[in-house]
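Asker: Enclosed is the structure file entry.tsv (TSV, N, CA, C and O atoms).
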chain	number	residue	atom	x	y	z
X	248	PHE	N	6.65	6.92	-14.25
X	248	PHE	CA	5.32	7.31	-13.79
X	248	PHE	C	4.69	6.13	-13.07
X	248	PHE	O	4.55	5.05	-13.64
X	249	ARG	N	4.33	6.32	-11.83
X	249	ARG	CA	3.67	5.29	-11.03
X	249	ARG	C	2.24	5.75	-10.74
X	249	ARG	O	2.03	6.73	-10.04
X	250	ALA	N	1.29	5.06	-11.31
X	250	ALA	CA	-0.12	5.43	-11.15
X	250	ALA	C	-0.63	4.97	-9.79
X	250	ALA	O	-0.41	3.85	-9.37
X	251	THR	N	-1.33	5.88	-9.12
X	251	THR	CA	-1.96	5.56	-7.83
X	251	THR	C	-3.47	5.43	-7.95
X	251	THR	O	-4.13	5.02	-7.02
X	252	GLY	N	-4.01	5.81	-9.11
X	252	GLY	CA	-5.44	5.69	-9.35
X	252	GLY	C	-5.72	5.82	-10.83
X	252	GLY	O	-4.91	6.37	-11.58
X	253	ALA	N	-6.86	5.29	-11.25
X	253	ALA	CA	-7.24	5.37	-12.67
X	253	ALA	C	-8.75	5.26	-12.80
X	253	ALA	O	-9.42	4.69	-11.94
X	254	ALA	N	-9.28	5.81	-13.90
X	254	ALA	CA	-10.72	5.74	-14.17
X	254	ALA	C	-10.96	5.86	-15.67
X	254	ALA	O	-10.27	6.62	-16.35
X	255	PHE	N	-11.94	5.09	-16.17
X	255	PHE	CA	-12.38	5.21	-17.55
X	255	PHE	C	-13.49	6.25	-17.62
X	255	PHE	O	-14.33	6.35	-16.73
X	256	SER	N	-13.51	7.01	-18.72
X	256	SER	CA	-14.63	7.92	-18.96
X	256	SER	C	-15.86	7.09	-19.27
X	256	SER	O	-15.75	5.95	-19.72
X	257	PRO	N	-17.07	7.63	-19.03
X	257	PRO	CA	-18.29	6.87	-19.27
X	257	PRO	C	-18.44	6.35	-20.71
X	257	PRO	O	-19.00	5.29	-20.93
X	258	ASP	N	-17.90	7.09	-21.67
X	258	ASP	CA	-18.00	6.66	-23.06
X	258	ASP	C	-16.84	5.77	-23.49
X	258	ASP	O	-16.79	5.31	-24.63
X	259	GLY	N	-15.89	5.53	-22.59
X	259	GLY	CA	-14.75	4.67	-22.88
X	259	GLY	C	-13.69	5.29	-23.76
X	259	GLY	O	-12.73	4.64	-24.15
X	260	ALA	N	-13.82	6.58	-24.06
X	260	ALA	CA	-12.89	7.25	-24.96
X	260	ALA	C	-11.59	7.69	-24.29
X	260	ALA	O	-10.61	7.95	-24.97
X	261	LEU	N	-11.60	7.80	-22.96
X	261	LEU	CA	-10.42	8.25	-22.23
X	261	LEU	C	-10.20	7.40	-20.99
X	261	LEU	O	-11.15	6.88	-20.40
X	262	VAL	N	-8.95	7.33	-20.59
X	262	VAL	CA	-8.58	6.80	-19.29
X	262	VAL	C	-7.80	7.89	-18.58
X	262	VAL	O	-6.89	8.50	-19.17
X	263	ALA	N	-8.17	8.19	-17.34
X	263	ALA	CA	-7.42	9.14	-16.53
X	263	ALA	C	-6.60	8.34	-15.52
X	263	ALA	O	-7.12	7.43	-14.88
X	264	SER	N	-5.33	8.67	-15.40
X	264	SER	CA	-4.49	8.05	-14.38
X	264	SER	C	-3.81	9.15	-13.59
X	264	SER	O	-3.49	10.21	-14.14
X	265	CYS	N	-3.61	8.89	-12.32
X	265	CYS	CA	-2.96	9.88	-11.48
X	265	CYS	C	-1.73	9.27	-10.84
X	265	CYS	O	-1.67	8.07	-10.56
X	266	GLY	N	-0.76	10.12	-10.61
X	266	GLY	CA	0.48	9.73	-9.97
X	266	GLY	C	1.32	10.98	-9.81
X	266	GLY	O	1.38	11.82	-10.72
X	267	GLY	N	1.91	11.17	-8.69
X	267	GLY	CA	2.58	12.44	-8.44
X	267	GLY	C	1.55	13.55	-8.40
X	267	GLY	O	0.41	13.33	-7.99
X	268	THR	N	1.90	14.71	-8.85
X	268	THR	CA	0.98	15.85	-8.82
X	268	THR	C	0.20	16.01	-10.12
X	268	THR	O	-0.54	16.98	-10.27
X	269	GLU	N	0.36	15.07	-11.05
X	269	GLU	CA	-0.26	15.19	-12.36
X	269	GLU	C	-1.35	14.15	-12.59
X	269	GLU	O	-1.33	13.08	-11.99
X	270	ILE	N	-2.26	14.50	-13.51
X	270	ILE	CA	-3.27	13.56	-14.00
X	270	ILE	C	-3.03	13.42	-15.50
X	270	ILE	O	-2.93	14.43	-16.22
X	271	HIS	N	-2.90	12.20	-15.96
X	271	HIS	CA	-2.65	11.93	-17.38
X	271	HIS	C	-3.92	11.38	-18.00
X	271	HIS	O	-4.56	10.50	-17.44
X	272	LEU	N	-4.27	11.91	-19.17
X	272	LEU	CA	-5.43	11.43	-19.93
X	272	LEU	C	-4.92	10.67	-21.14
X	272	LEU	O	-4.10	11.20	-21.91
X	273	TRP	N	-5.41	9.45	-21.31
X	273	TRP	CA	-4.92	8.54	-22.34
X	273	TRP	C	-6.05	8.09	-23.26
X	273	TRP	O	-7.20	7.97	-22.83
X	274	ASP	N	-5.68	7.79	-24.50
X	274	ASP	CA	-6.58	7.10	-25.42
X	274	ASP	C	-6.39	5.61	-25.15
X	274	ASP	O	-5.30	5.08	-25.38
X	275	PRO	N	-7.42	4.91	-24.65
X	275	PRO	CA	-7.24	3.51	-24.28
X	275	PRO	C	-7.04	2.56	-25.48
X	275	PRO	O	-6.53	1.46	-25.29
X	276	THR	N	-7.41	2.99	-26.67
X	276	THR	CA	-7.24	2.10	-27.82
X	276	THR	C	-5.83	2.19	-28.42
X	276	THR	O	-5.33	1.21	-28.95
X	277	THR	N	-5.19	3.36	-28.29
X	277	THR	CA	-3.85	3.54	-28.86
X	277	THR	C	-2.75	3.63	-27.81
X	277	THR	O	-1.58	3.45	-28.14
X	278	GLY	N	-3.13	3.95	-26.57
X	278	GLY	CA	-2.13	4.15	-25.53
X	278	GLY	C	-1.43	5.50	-25.61
X	278	GLY	O	-0.49	5.76	-24.87
X	279	VAL	N	-1.92	6.38	-26.47
X	279	VAL	CA	-1.32	7.70	-26.62
X	279	VAL	C	-1.84	8.63	-25.53
X	279	VAL	O	-3.05	8.71	-25.28
X	280	ARG	N	-0.91	9.33	-24.89
X	280	ARG	CA	-1.31	10.33	-23.89
X	280	ARG	C	-1.86	11.55	-24.61
X	280	ARG	O	-1.22	12.09	-25.50
X	281	LYS	N	-3.07	11.97	-24.23
X	281	LYS	CA	-3.76	13.08	-24.89
X	281	LYS	C	-3.55	14.42	-24.19
X	281	LYS	O	-3.55	15.45	-24.83
X	282	ARG	N	-3.40	14.38	-22.86
X	282	ARG	CA	-3.30	15.64	-22.11
X	282	ARG	C	-2.75	15.33	-20.72
X	282	ARG	O	-2.95	14.25	-20.19
X	283	VAL	N	-2.10	16.32	-20.12
X	283	VAL	CA	-1.67	16.24	-18.73
X	283	VAL	C	-2.31	17.40	-17.98
X	283	VAL	O	-2.21	18.55	-18.41
X	284	LEU	N	-3.00	17.09	-16.89
X	284	LEU	CA	-3.64	18.11	-16.06
X	284	LEU	C	-2.77	18.38	-14.84
X	284	LEU	O	-2.36	17.45	-14.15
X	285	THR	N	-2.50	19.64	-14.58
X	285	THR	CA	-1.70	20.02	-13.42
X	285	THR	C	-2.47	21.04	-12.59
X	285	THR	O	-3.18	21.87	-13.14
X	286	GLY	N	-2.34	20.94	-11.30
X	286	GLY	CA	-3.04	21.86	-10.40
X	286	GLY	C	-2.91	21.46	-8.95
X	286	GLY	O	-2.99	22.31	-8.06
X	287	HIS	N	-2.71	20.18	-8.69
X	287	HIS	CA	-2.48	19.73	-7.32
X	287	HIS	C	-1.05	20.05	-6.91
X	287	HIS	O	-0.14	20.04	-7.75
X	288	THR	N	-0.84	20.29	-5.63
X	288	THR	CA	0.50	20.63	-5.14
X	288	THR	C	1.18	19.46	-4.43
X	288	THR	O	2.36	19.54	-4.12
X	289	LYS	N	0.43	18.41	-4.18
X	289	LYS	CA	0.96	17.17	-3.61
X	289	LYS	C	0.35	16.01	-4.37
X	289	LYS	O	-0.57	16.20	-5.16
X	290	PRO	N	0.82	14.78	-4.16
X	290	PRO	CA	0.35	13.65	-4.97
X	290	PRO	C	-1.18	13.50	-5.03
X	290	PRO	O	-1.87	13.64	-4.03
X	291	VAL	N	-1.66	13.20	-6.24
X	291	VAL	CA	-3.06	12.91	-6.50
X	291	VAL	C	-3.27	11.42	-6.27
X	291	VAL	O	-2.49	10.60	-6.75
X	292	VAL	N	-4.31	11.04	-5.51
X	292	VAL	CA	-4.52	9.63	-5.21
X	292	VAL	C	-5.84	9.08	-5.74
X	292	VAL	O	-6.04	7.87	-5.75
X	293	ALA	N	-6.72	9.95	-6.22
X	293	ALA	CA	-8.03	9.47	-6.68
X	293	ALA	C	-8.54	10.33	-7.83
X	293	ALA	O	-8.40	11.55	-7.81
X	294	VAL	N	-9.13	9.67	-8.83
X	294	VAL	CA	-9.77	10.35	-9.95
X	294	VAL	C	-11.06	9.62	-10.32
X	294	VAL	O	-11.16	8.41	-10.15
X	295	THR	N	-12.03	10.37	-10.81
X	295	THR	CA	-13.24	9.77	-11.34
X	295	THR	C	-13.86	10.75	-12.34
X	295	THR	O	-13.71	11.97	-12.19
X	296	PHE	N	-14.51	10.21	-13.35
X	296	PHE	CA	-15.21	11.05	-14.32
X	296	PHE	C	-16.62	11.31	-13.83
X	296	PHE	O	-17.21	10.50	-13.12
X	297	GLY	N	-17.17	12.44	-14.29
X	297	GLY	CA	-18.58	12.73	-14.08
X	297	GLY	C	-19.41	11.92	-15.05
X	297	GLY	O	-18.92	10.98	-15.69
X	298	LYS	N	-20.67	12.28	-15.21
X	298	LYS	CA	-21.56	11.54	-16.10
X	298	LYS	C	-21.18	11.66	-17.56
X	298	LYS	O	-21.60	10.86	-18.37
X	299	ASP	N	-20.40	12.68	-17.89
X	299	ASP	CA	-19.90	12.81	-19.26
X	299	ASP	C	-18.37	12.76	-19.23
X	299	ASP	O	-17.76	12.79	-18.17
X	300	ALA	N	-17.77	12.70	-20.38
X	300	ALA	CA	-16.32	12.59	-20.44
X	300	ALA	C	-15.64	13.95	-20.31
X	300	ALA	O	-14.42	14.03	-20.35
X	301	ASN	N	-16.42	15.01	-20.12
X	301	ASN	CA	-15.83	16.35	-20.04
X	301	ASN	C	-15.60	16.83	-18.62
X	301	ASN	O	-15.03	17.89	-18.42
X	302	THR	N	-16.03	16.07	-17.63
X	302	THR	CA	-15.84	16.46	-16.24
X	302	THR	C	-15.06	15.36	-15.52
X	302	THR	O	-15.42	14.19	-15.60
X	303	LEU	N	-14.01	15.76	-14.83
X	303	LEU	CA	-13.19	14.84	-14.06
X	303	LEU	C	-13.02	15.44	-12.67
X	303	LEU	O	-12.89	16.65	-12.52
X	304	VAL	N	-13.03	14.59	-11.65
X	304	VAL	CA	-12.83	15.04	-10.27
X	304	VAL	C	-11.61	14.33	-9.73
X	304	VAL	O	-11.42	13.12	-9.94
X	305	SER	N	-10.76	15.07	-9.02
X	305	SER	CA	-9.55	14.50	-8.44
X	305	SER	C	-9.38	14.96	-7.00
X	305	SER	O	-9.87	16.02	-6.61
X	306	GLY	N	-8.67	14.15	-6.23
X	306	GLY	CA	-8.36	14.50	-4.85
X	306	GLY	C	-7.02	13.91	-4.46
X	306	GLY	O	-6.56	12.94	-5.08
X	307	GLY	N	-6.41	14.49	-3.43
X	307	GLY	CA	-5.11	13.96	-3.07
X	307	GLY	C	-4.56	14.45	-1.76
X	307	GLY	O	-5.28	14.97	-0.90
X	308	ASP	N	-3.25	14.29	-1.65
X	308	ASP	CA	-2.54	14.61	-0.42
X	308	ASP	C	-2.52	16.10	-0.09
X	308	ASP	O	-2.23	16.47	1.04
X	309	ASP	N	-2.81	16.96	-1.06
X	309	ASP	CA	-2.85	18.39	-0.77
X	309	ASP	C	-4.17	18.81	-0.12
X	309	ASP	O	-4.41	19.98	0.14
X	310	ARG	N	-5.03	17.81	0.15
X	310	ARG	CA	-6.30	18.00	0.86
X	310	ARG	C	-7.34	18.78	0.06
X	310	ARG	O	-8.28	19.33	0.61
X	311	THR	N	-7.16	18.83	-1.28
X	311	THR	CA	-8.13	19.53	-2.12
X	311	THR	C	-8.84	18.58	-3.06
X	311	THR	O	-8.34	17.50	-3.37
X	312	VAL	N	-10.02	19.01	-3.49
X	312	VAL	CA	-10.77	18.35	-4.54
X	312	VAL	C	-10.82	19.33	-5.70
X	312	VAL	O	-11.16	20.50	-5.52
X	313	ILE	N	-10.45	18.85	-6.89
X	313	ILE	CA	-10.51	19.70	-8.08
X	313	ILE	C	-11.48	19.07	-9.06
X	313	ILE	O	-11.42	17.87	-9.35
X	314	VAL	N	-12.39	19.90	-9.58
X	314	VAL	CA	-13.30	19.51	-10.66
X	314	VAL	C	-12.71	20.11	-11.93
X	314	VAL	O	-12.50	21.32	-12.02
X	315	TRP	N	-12.40	19.23	-12.89
X	315	TRP	CA	-11.72	19.63	-14.12
X	315	TRP	C	-12.67	19.74	-15.30
X	315	TRP	O	-13.55	18.89	-15.46
X	316	ASP	N	-12.45	20.75	-16.14
X	316	ASP	CA	-13.04	20.83	-17.46
X	316	ASP	C	-12.04	20.13	-18.38
X	316	ASP	O	-10.98	20.69	-18.69
X	317	VAL	N	-12.33	18.89	-18.76
X	317	VAL	CA	-11.38	18.08	-19.51
X	317	VAL	C	-11.05	18.71	-20.86
X	317	VAL	O	-9.89	18.75	-21.27
X	318	ALA	N	-12.05	19.23	-21.57
X	318	ALA	CA	-11.82	19.81	-22.89
X	318	ALA	C	-10.88	21.01	-22.81
X	318	ALA	O	-10.00	21.18	-23.65
X	319	ALA	N	-11.05	21.83	-21.78
X	319	ALA	CA	-10.19	23.01	-21.61
X	319	ALA	C	-8.85	22.66	-20.96
X	319	ALA	O	-7.89	23.41	-21.07
X	320	GLY	N	-8.83	21.54	-20.23
X	320	GLY	CA	-7.60	21.15	-19.52
X	320	GLY	C	-7.31	22.00	-18.31
X	320	GLY	O	-6.18	22.10	-17.87
X	321	LYS	N	-8.37	22.59	-17.75
X	321	LYS	CA	-8.20	23.51	-16.61
X	321	LYS	C	-9.23	23.20	-15.52
X	321	LYS	O	-10.30	22.68	-15.78
X	322	PRO	N	-8.89	23.58	-14.29
X	322	PRO	CA	-9.86	23.41	-13.21
X	322	PRO	C	-11.09	24.28	-13.42
X	322	PRO	O	-10.98	25.45	-13.78
X	323	ALA	N	-12.26	23.71	-13.18
X	323	ALA	CA	-13.51	24.46	-13.17
X	323	ALA	C	-13.83	24.90	-11.74
X	323	ALA	O	-14.52	25.90	-11.54
X	324	PHE	N	-13.31	24.13	-10.77
X	324	PHE	CA	-13.54	24.43	-9.35
X	324	PHE	C	-12.45	23.73	-8.55
X	324	PHE	O	-12.05	22.62	-8.87
X	325	ALA	N	-11.98	24.40	-7.51
X	325	ALA	CA	-11.04	23.79	-6.56
X	325	ALA	C	-11.54	24.09	-5.15
X	325	ALA	O	-11.84	25.24	-4.83
X	326	SER	N	-11.65	23.06	-4.35
X	326	SER	CA	-12.14	23.22	-2.99
X	326	SER	C	-11.07	23.87	-2.11
X	326	SER	O	-9.87	23.76	-2.40
X	327	PRO	N	-11.50	24.51	-1.03
X	327	PRO	CA	-10.52	24.90	-0.03
X	327	PRO	C	-9.94	23.62	0.60
X	327	PRO	O	-10.57	22.56	0.53
X	328	PRO	N	-8.76	23.68	1.18
X	328	PRO	CA	-8.18	22.48	1.80
X	328	PRO	C	-9.11	21.87	2.85
X	328	PRO	O	-9.72	22.59	3.64
X	329	GLN	N	-9.23	20.55	2.80
X	329	GLN	CA	-10.02	19.80	3.77
X	329	GLN	C	-9.13	19.56	5.00
X	329	GLN	O	-7.96	19.90	5.01
X	330	THR	N	-9.67	18.94	6.03
X	330	THR	CA	-8.90	18.71	7.25
X	330	THR	C	-7.90	17.56	7.11
X	330	THR	O	-6.93	17.49	7.85
X	331	GLN	N	-8.16	16.65	6.15
X	331	GLN	CA	-7.26	15.53	5.92
X	331	GLN	C	-7.12	15.32	4.42
X	331	GLN	O	-7.87	15.90	3.62
X	332	ARG	N	-6.17	14.49	4.02
X	332	ARG	CA	-5.98	14.20	2.60
X	332	ARG	C	-7.26	13.59	2.02
X	332	ARG	O	-8.03	12.95	2.73
X	333	VAL	N	-7.50	13.82	0.76
X	333	VAL	CA	-8.67	13.28	0.08
X	333	VAL	C	-8.26	11.94	-0.53
X	333	VAL	O	-7.45	11.88	-1.43
X	334	GLU	N	-8.83	10.85	-0.01
X	334	GLU	CA	-8.44	9.51	-0.43
X	334	GLU	C	-9.34	8.89	-1.48
X	334	GLU	O	-8.98	7.91	-2.11
X	335	ALA	N	-10.53	9.46	-1.68
X	335	ALA	CA	-11.47	8.91	-2.65
X	335	ALA	C	-12.38	10.02	-3.16
X	335	ALA	O	-12.67	10.97	-2.43
X	336	VAL	N	-12.79	9.90	-4.41
X	336	VAL	CA	-13.78	10.79	-5.00
X	336	VAL	C	-14.79	9.94	-5.75
X	336	VAL	O	-14.45	8.88	-6.26
X	337	ALA	N	-16.04	10.38	-5.79
X	337	ALA	CA	-17.07	9.59	-6.46
X	337	ALA	C	-18.09	10.50	-7.12
X	337	ALA	O	-18.22	11.64	-6.78
What does the file become when written as structure tokens?

Answerer:
Amino acid sequence: FRATGAAFSPDGALVASCGGTEIHLWDPTTGVRKRVLTGHTKPVVAVTFGKDANTLVSGGDDRTVIVWDVAAGKPAFASPPQTQRVEAVA
């Protein structure tokens, strides 16, 4: 697994890392992977948490932005494809 991006949740309880088409959620104190989020069809290059640890936003080479419900492990929203790859999310 080669990470291309990473972000800490605001409460420090999770770290999200992206690489390939997956997003991995980790416990930063134990290093244990807690969940894998799938939904992108091409490599994910950027991740960031919302104001709480339950919302994560990702973007990548498939030109989409996905807003994730972290607790459910599923997309809450997926954008239509943009004109170019999504290189950053904030």

Asker: Take atom C of Ala319 (chain X) and atom C of Glu334 (chain X) and report the distance between them in Å, one decimal.

Answerer: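 Value for the atom C of Ala319 (chain X)-atom C of Glu334 (chain X) distance: 23.9 Å.
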
Asker: Which residue gives the smallest distance to Thr302 (chain X) among X:Ala318, X:Ala335, X:His287, X:Phe248, with only N, CA, C and O atoms counted?

Answerer: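 Among X:Ala318, X:Ala335, X:His287, X:Phe248, it is X:Ala318 that comes nearest to Thr302 (chain X).
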
Asker: Interatomic distance between CA of Val317 (chain X) and atom O of Val291 (chain X)?

Answerer: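 A separation of 17.3 Å between them.
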
Asker: Show me as JSON, numbers by chain the residues that reach within 7 Å of (-0.1, 16.6, -2.3), counting only C-alpha atoms and using the file's own coordinates.

Answerer: {"X": [268, 287, 288, 289, 290, 291, 307, 308, 309]}

Asker: So which residues are close to (-12.1, 8.4, -29.2), meaning at most 8 Å away in the file's coordinates with all atoms listed in the file counted, and can you show them as a list in words?

Answerer: Asp258, Gly259, Ala260, Leu261, Asp274, Pro275 and Thr276 of chain X

Asker: Let me make sure I understand: among X:Val333, X:Ala300, X:Ala325, X:Val279, which one has the smallest atom-to-atom distance to Ser256 (chain X) if we use all atoms listed in the file?

Answerer: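 Ranking X:Val333, X:Ala300, X:Ala325, X:Val279 by distance to Ser256 (chain X), first place goes to X:Ala300.
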